Amino acid sequence: MDDDDDDHGNLSEKLICTKGPPPWSRHCNIRGSLAARSQKKGHCAHYTKVRVLGITGDKMTLRKSKDEEPTAPGQLAIRKKSKVPGVMITQFVEEVPAGKSHPDFTRKPIALTIQEGKLAFFKAIVTGDPTPTVNWTRNNGEISVTNYCMTYDPTNREHQLQIPNVAVEQADTYKCIAENEYGRALVTATLNVIEVGFKKSKALQKAREAQREQSIDFTKSLKTRADRPRVERKDGEVDERFWELLLSADKKDYERICAEYGVTDFRWMLKKLNEKKREIEEQQAQYVEYLGNLRHIEIKNNGCAQFEFEMDLKDPNAKMFLYKDGEMVPFSIDSDEKHSLRQIGRKFVFTVNGLSPDDAGLYQVDVEGVNVFSTDFKIPMVDFLVKIEEVKAVEREDAVFECVLSAPLPKITWMGKSAPLAQGEKYDITVSEDMLIHRLVVKDCMKVDNGIYAAVVGIKSCNAWLIVEADNDPKNHGKKTARKTTQAGGSGANVAKVAAEQQAKLQKAREEKMEALKQQQAEKPVEAPATEVEPQAKPEPLAEPKPKPKRVAEGVVEEPETEPEVEEIAPEPENNDGSEQTVLEPPSEEGGERKKRVRTGPLVPDTIIDTGVHFTGGLQDVRAIMGQSAEMVCKLSSADCDGVWYKDGKEITSTDDLKMIKDGAIHKLIICNCKEEDNGKYRFEADGRKSEAMLIVEDPPRMNPDDLAKFSEPVIIKVGQNASFKLSFVGQEPIKVQWYSEGEELLTDTNIKIEKSSSHSSLLLTKCQRKNTGEIKLKLKNEFGTIEAFSKLIVLAKPTNPLGPVEVIEASSSCVEFKWRPPKDDGGSPVIHYNLERQQLGRNTWKKIGNIPAEAHYKDTDVDHGRKYCYRIRAITTEGTSDVFETDDIQAGTKAYPGPPSTPRVVSAFKDCINLTWTPPANTGGTNIVGYNLEKRKRGSSLWSQVNPPEEPIKAKQYGVKDVVEGIEYEFRVSAINLSGAGEPSSPSEFVIARDPKKPPGKVIDLKVSDSTYSSLSLSWTKPKEEEGVQDEAKGYFVELRPAENTEWTRCNSNPIITTSYTILGLKSMAMYWVRVVATNEGGEGEPKNLDNYIIAMPPPVRPNFTDRKMKSFMVVRSGNSARVTINFEASPVPTIIWLKDGMPVSKRVTMSNTDGTSQLLIPSAERSDTGIYTIIVKNMVGQETFSTEIRVTDDPKPPGPVELEQNVPGTLTVSWTPSPDEKRDDRLHYMVAKRDSVKQTWHTVAHRVFNNNFTAVNIMPGREYNFRVYAKNDMGLSEPSESPTWGVVRKKEKFTVKMPEPKTCNFDSAPTFTVPLKTHSSPEKYECYMSCAVKGNPIPHVTWYRNNISLNTNINYYITNTCGVCSLLILSVGPKDNGEYKVVAENALGRTECSTQLTIRE
């Protein structure tokens, strides 16, 4: 509300002339003061007070004020200006008598915007003499006692209008009117109510009305949120939830939401949605700066549901609310609560834990009453009829998990090892046609696939193990076996049977529901005459099981009453074979009774009664394409029985397009050239049996094969030309037509023109470029299917330039031979020639070599030895010549030796042969490698000897050296040879001994654990013994580890270690492991040596022990301060730590934090009730240790009461005093007494630690004056003293008189001023905050403190003092509620001044 003048928004009060031309024709407003002046000058006095609602163009909308009261006859109405903006004052007399005043507002009510359901109040402070009467009114409606409360606080002289549980209909403009005999003051304030939620239960309304009827205790009847009243929607109106969901939904979800709420007019929906978006964005702009990345609620893997969004708030302290189905839901930052909020930067994550079906509903997040996000949470009401079971599979087999649901679902979530699985090469996820059977196939199972697999549907889940066993076939040992074609797991027919039964139940439930709906519709009264209603076929009752034959008399058997002879046409339940049976007898002519067939003759107990003809194969639903043939087939148990075909209940006969064929027991109905009118239900009846099925004639998009073949031919054009594609089609409209180029959809653009009609579509691509080459696809889709047609667009252009790098084949003194790569793009035409030019280095001219064949290879024999040449190459096609490609310089005739090959690797070694292998060098020197030279050297020798003859280089990249001596160590190196000669040799190989292979070593000896921690384990062992011919010396060791829950061993070191100790790192604390060590040498690996027992990752056990030498056993803490106790200890394994207070668990206010070797107890803001003995118990499997410390929470003691002196015995004085108020709650409080006499004039303590309330002082000398002080003392210190009256006789002295000159009269009166202003304060939460300022003035000004314009002088939560002009305010423990503006107002008879500051509370 604008407070600068009398205008209050668009609802301002004006004085408007009621006669003559309308003043708003000139867009002018005549204020009250102008009207008064006009009256005095004789102008028109026909003014009335109206409310201006708004001006539109040249029109002004007016409304008369409802509470304007005319002045009494002869009473004046003089407008006065108030110091407070927005206050209208009317003075009734020309001059106000001295000492009197008309009413005025020193504090006016301010405009208020509040959420529905909260407490709204207006406050005003009024001045005037005599004291004015104050009334409250509202523009629209009355202020009743039941809904409003008007109060007055004489301490603060504050008038209040309270509106508890404010409702939407109470939003209005309110007036406060103060009036006495000299005038009237009026001020207005607007109340805006934010409507929240969208539903309100009647029970909640009644509860609120009952609260209003009771005594009005407004602070107890506050509600954090009130729901909207229930609005009965008319036909055609859309549920408000529909718009709430659309405002936060993605565009791709619009269609689903509209279908769910039955909205079909999408154009109207989008228009209405845009309007609502603008409205909500305007509301959100008041509190939100940014809102985005909305993620709707979904169920997470850990069994909770989450939704999140990103938001920046203008006010970080703005309140946020969570609603479910319109009801407020409490939430906290504790992730263990039911509803929790976690904020990470600008991202807000709401979590719903412990999901149940009751958690489904519409969740909304509001900020200060404005909706920012809505999401609908739906939990599928599905359960598992058949759960997945454990599967055991052999390696390379497929594993199958199957489950059956109680209701059809198109998709469920499969989890493997706590991770979601998706369709792909590893996993095959399928679902049956009825969407009840869901199957997961784990393909090509390996050992790593071991684990728990789960199927998750909403809040339901089931899981089972997959155990992959090793392939024990000895033929496959050490080989990679081929993938098996068998599958493990799966329930097969059992699953299918359960699914079929469930499908039948669901179908029956649907039929019963449809039947109930039909009955409800039939029960509705029909006003039409009965004669006009066409008769309908009576529905048959469902077939009942045949009862057993009853024995009536000797030799007579009574057949069941359900034996069929005549059948009524009605739907019947289907059999397992797809057929239907009728088992009802026709009603007889007399009264509808059924006839009984009676068989005479001897009664045979075990005789099987003939069931007659029945269906062995029933009709099946058939889908046919329009124009094609459809065939419906059924099979009877007898070939001698004929039947009748029906369509939609009417008998049909054979025609040219409808052929009925009987082939023995098989009956066929062939519908040729299917048309739309052939849709319907077909039934075949034979001998009282029947079978039904549906024929569905579909009309998907179709194309003429000739047109399709023509369309499939490639379209070949040149760059810059146009390409067109056109194809005709037929099919049920509407047909969605889409054109694609290389998988990307084409839309109409500058160079793309698409034409669509009901029978054809064309695509025109103008000014085509080479990049437009690719596959062109036309996709047609309607409700019956999708079809695609493919073509090819080839845009011809000149080729791109040939590519490098150039590979030099030979660069000798006689020729230069090289090759390059063809162009990346040949422009749509093959390369027919390459054009070459050559330049000799140092010359400026290029020699034309000419065109060569299309092979990217050239050999130049016209070269000079030692010269360098550069070549230019161009590719030539029928479409043109490419840009030039220029090679690097190539030198002819220079010897280029190859680089060194790789280090030779020893494949195997024997006493008479050592086999080696190597790889060729990366640098061949520009020519081909023609062979290799291999050299050897004995250990300790510096001479290399060539293995192969110099004239016979080794052609292969491997060689067996046979010129070796048994027992000698050798190393080898190899060099490559090209046309220029042998290059540099490789680095030497490892030394190898010429001897037969060794035997693997034995087991290590004395394997043990030498040390352990929570993350590491140290092992030591002894080398295995050597046994000639059985086990050789160990050359290294592998350490292997296996967690207790796994079955596979993992190696801790990739290369063998030579030491007999090893430390394993990276273990999980307190986890169990198995450990073993494997010895190895050149002959292979020996048998592993296991530890006897599993080991736990933990240090050696240590009994708990406190490590601090000096621990405080007593602690004094001031009330309001924090208390902290830190205990250091050592223990292994990790101990359990318990804190007790006086032998009981500590309260929730106390915070305990434990780390490795340290435990801390923290009382954030200690109170006296926290005093006690705190005990810590540190306990583990080895033992426990305890320690206790006493914490005493106290405060500075309050002084004792008045001190009295009494002399009962001469020479002594009894000093007594009233106990300190703290004596009862502080058992350690005592007193100290100090004395001063008139001779020494100094204070000295005469008594200490006095625990009663009196003390006898001795050595009291007559003639002296004595004064006593009594202090209260506790652990915090001394209190202020309480002084006694003076004791003793005062000697009389002569009177000394001084004549003073008469003082001059001086006037020191002055208005209040601040000599030291308030400073800005920023204080941590729960700390003390002290504010002070200095003010002067005469007379001494009266000082009042305010917080947010609310007086604090009478508030006991604030300690306010004013000593010699120094004004101070002390807040003992600040909190968020203390945030705001603090103001000091000083006033006396000469004036008024104020000073303000801001207090900010830090978290």
# chains A, B, ... in the order shown; residues from 1 in each chain; ligands from 1
$ closest_atom_pairs --of "region 703-822 of chain A" --to "region 928-947 of chain A" --cutoff "10 Å" --atoms "only C-alpha atoms" --output "tab-separated table"
residue	atom	partner	partner_atom	distance
A:Val808	CA	A:Asn928	CA	9.8
A:Ile809	CA	A:Asn928	CA	7.1
A:Glu810	CA	A:Asn928	CA	7.7
$ write_last_selection --atoms "N, CA, C and O atoms" --output "CSV table (one decimal), in the first residue's frame"
chain,number,residue,atom,x,y,z
A,808,VAL,N,56.2,-44.4,-48.3
A,808,VAL,CA,57.3,-44.6,-49.2
A,808,VAL,C,57.6,-46.1,-49.2
A,808,VAL,O,58.0,-46.7,-48.2
A,809,ILE,N,57.5,-46.7,-50.4
A,809,ILE,CA,57.8,-48.2,-50.5
A,809,ILE,C,59.2,-48.4,-50.8
A,809,ILE,O,59.9,-49.2,-50.2
A,810,GLU,N,59.8,-47.5,-51.7
A,810,GLU,CA,61.2,-47.6,-52.0
A,810,GLU,C,61.7,-46.2,-52.4
A,810,GLU,O,61.0,-45.5,-53.1
$ residues_around --residues "Arg905 (chain A)" --least-positions-apart "3" --cutoff "9 Å" --atoms "only C-alpha atoms" --output "list in words"
Ser902, Asn915, Leu916, Thr917, Trp918, Phe972, Ser989 and Glu990 of chain A
$ residues_around --residues "Val1209 (chain A)" --least-positions-apart "4" --cutoff "12 Å" --atoms "only C-alpha atoms" --output "list in words"
Leu1213, Thr1214, Thr1256, Ala1257, Val1258, Asn1259 and Ile1260 of chain A
$ write_last_selection --atoms "N, CA and C atoms" --output "PDB file, in the first residue's frame"
ATOM      1  N   LEU A1213      27.919  -7.607  67.488  1.00  0.00           N
ATOM      2  CA  LEU A1213      26.785  -7.245  66.623  1.00  0.00           C
ATOM      3  C   LEU A1213      26.358  -8.498  65.848  1.00  0.00           C
ATOM      4  N   THR A1214      25.081  -8.743  65.803  1.00  0.00           N
ATOM      5  CA  THR A1214      24.542  -9.856  65.014  1.00  0.00           C
ATOM      6  C   THR A1214      24.059  -9.322  63.665  1.00  0.00           C
ATOM      7  N   THR A1256      27.773 -13.236  63.785  1.00  0.00           N
ATOM      8  CA  THR A1256      28.007 -12.374  64.953  1.00  0.00           C
ATOM      9  C   THR A1256      29.407 -11.796  64.871  1.00  0.00           C
ATOM     10  N   ALA A1257      29.472 -10.473  64.756  1.00  0.00           N
ATOM     11  CA  ALA A1257      30.756  -9.765  64.679  1.00  0.00           C
ATOM     12  C   ALA A1257      31.179  -9.367  66.105  1.00  0.00           C
ATOM     13  N   VAL A1258      32.429  -9.518  66.437  1.00  0.00           N
ATOM     14  CA  VAL A1258      32.961  -9.198  67.764  1.00  0.00           C
ATOM     15  C   VAL A1258      33.883  -7.987  67.665  1.00  0.00           C
ATOM     16  N   ASN A1259      34.359  -7.606  68.828  1.00  0.00           N
ATOM     17  CA  ASN A1259      35.264  -6.440  68.916  1.00  0.00           C
ATOM     18  C   ASN A1259      34.610  -5.186  68.363  1.00  0.00           C
ATOM     19  N   ILE A1260      33.380  -4.990  68.696  1.00  0.00           N
ATOM     20  CA  ILE A1260      32.680  -3.783  68.285  1.00  0.00           C
ATOM     21  C   ILE A1260      33.004  -2.713  69.327  1.00  0.00           C
TER      22      ILE A1260
END
$ residues_around --residues "region 627-637 of chain A" --least-positions-apart "3" --cutoff "7 Å" --atoms "only C-alpha atoms" --output "list in words"
Val613, His614, Phe615, Thr616, Gly617, Gly618, Leu619, Ala624, Ala665, Ile666, His667, Lys668, Leu669, Ile670, Ile671, Cys672, Asn673, Cys674 and Lys675 of chain A
$ write_last_selection --atoms "C-alpha atoms" --output "JSON list (two decimals), in the first residue's frame"
[["chain", "number", "residue", "atom", "x", "y", "z"],
["A", 613, "VAL", "CA", -20.45, -83.06, -29.70],
["A", 614, "HIS", "CA", -18.01, -80.48, -28.37],
["A", 615, "PHE", "CA", -15.23, -78.21, -29.62],
["A", 616, "THR", "CA", -11.71, -79.57, -29.72],
["A", 617, "GLY", "CA", -10.44, -76.30, -31.17],
["A", 618, "GLY", "CA", -12.36, -73.06, -30.79],
["A", 619, "LEU", "CA", -12.37, -69.90, -32.86],
["A", 624, "ALA", "CA", -7.03, -58.86, -41.26],
["A", 665, "ALA", "CA", -14.64, -82.00, -38.29],
["A", 666, "ILE", "CA", -13.01, -78.73, -39.37],
["A", 667, "HIS", "CA", -15.28, -75.79, -40.19],
["A", 668, "LYS", "CA", -13.90, -72.74, -41.93],
["A", 669, "LEU", "CA", -15.31, -69.30, -42.68],
["A", 670, "ILE", "CA", -13.31, -67.37, -45.33],
["A", 671, "ILE", "CA", -14.01, -63.67, -45.74],
["A", 672, "CYS", "CA", -12.60, -62.50, -49.07],
["A", 673, "ASN", "CA", -11.67, -58.92, -49.79],
["A", 674, "CYS", "CA", -12.24, -57.74, -46.20],
["A", 675, "LYS", "CA", -14.08, -54.46, -45.80]]
$ residues_around --residues "Ile873 (chain A)" --least-positions-apart "5" --cutoff "7 Å" --atoms "only C-alpha atoms" --output "list in words"
Tyr834, Asn835, Leu836, Glu837, Val884, Phe885 and Glu886 of chain A
$ write_last_selection --atoms "all heavy atoms" --output "tab-separated table (two decimals), in the first residue's frame"
chain	number	residue	atom	x	y	z
A	834	TYR	N	44.50	-40.46	-61.79
A	834	TYR	CA	45.20	-39.52	-60.91
A	834	TYR	C	46.15	-38.71	-61.79
A	834	TYR	O	46.84	-39.26	-62.65
A	834	TYR	CB	45.99	-40.24	-59.82
A	834	TYR	CG	45.13	-40.82	-58.71
A	834	TYR	CD1	44.83	-42.16	-58.67
A	834	TYR	CD2	44.63	-39.99	-57.71
A	834	TYR	CE1	44.04	-42.69	-57.67
A	834	TYR	CE2	43.83	-40.51	-56.71
A	834	TYR	CZ	43.54	-41.86	-56.69
A	834	TYR	OH	42.76	-42.37	-55.70
A	835	ASN	N	46.20	-37.40	-61.55
A	835	ASN	CA	47.10	-36.52	-62.28
A	835	ASN	C	48.26	-36.13	-61.37
A	835	ASN	O	48.02	-35.66	-60.26
A	835	ASN	CB	46.36	-35.28	-62.77
A	835	ASN	CG	47.24	-34.34	-63.56
A	835	ASN	OD1	47.84	-33.43	-62.98
A	835	ASN	ND2	47.33	-34.55	-64.87
A	836	LEU	N	49.52	-36.34	-61.84
A	836	LEU	CA	50.69	-36.09	-61.00
A	836	LEU	C	51.59	-35.03	-61.64
A	836	LEU	O	51.70	-34.95	-62.87
A	836	LEU	CB	51.51	-37.37	-60.80
A	836	LEU	CG	51.11	-38.27	-59.62
A	836	LEU	CD1	49.79	-38.95	-59.90
A	836	LEU	CD2	52.21	-39.28	-59.32
A	837	GLU	N	52.21	-34.24	-60.77
A	837	GLU	CA	53.27	-33.29	-61.14
A	837	GLU	C	54.41	-33.48	-60.16
A	837	GLU	O	54.20	-33.88	-59.01
A	837	GLU	CB	52.76	-31.84	-61.06
A	837	GLU	CG	51.69	-31.51	-62.07
A	837	GLU	CD	51.21	-30.07	-61.94
A	837	GLU	OE1	51.18	-29.57	-60.79
A	837	GLU	OE2	50.88	-29.47	-62.94
A	884	VAL	N	44.38	-30.07	-55.14
A	884	VAL	CA	45.68	-30.70	-55.18
A	884	VAL	C	46.07	-31.20	-53.79
A	884	VAL	O	45.69	-30.62	-52.78
A	884	VAL	CB	46.75	-29.73	-55.72
A	884	VAL	CG1	47.00	-28.60	-54.73
A	884	VAL	CG2	48.05	-30.47	-56.03
A	885	PHE	N	46.79	-32.35	-53.78
A	885	PHE	CA	47.40	-32.85	-52.56
A	885	PHE	C	48.91	-32.88	-52.79
A	885	PHE	O	49.37	-33.45	-53.78
A	885	PHE	CB	46.89	-34.26	-52.23
A	885	PHE	CG	47.74	-35.00	-51.25
A	885	PHE	CD1	47.86	-34.55	-49.94
A	885	PHE	CD2	48.44	-36.14	-51.62
A	885	PHE	CE1	48.65	-35.23	-49.03
A	885	PHE	CE2	49.23	-36.83	-50.72
A	885	PHE	CZ	49.34	-36.37	-49.41
A	886	GLU	N	49.66	-32.26	-51.91
A	886	GLU	CA	51.10	-32.12	-52.07
A	886	GLU	C	51.82	-32.98	-51.03
A	886	GLU	O	51.53	-32.89	-49.84
A	886	GLU	CB	51.52	-30.66	-51.94
A	886	GLU	CG	52.95	-30.39	-52.37
A	886	GLU	CD	53.25	-28.89	-52.45
A	886	GLU	OE1	52.43	-28.14	-53.03
A	886	GLU	OE2	54.29	-28.47	-51.93
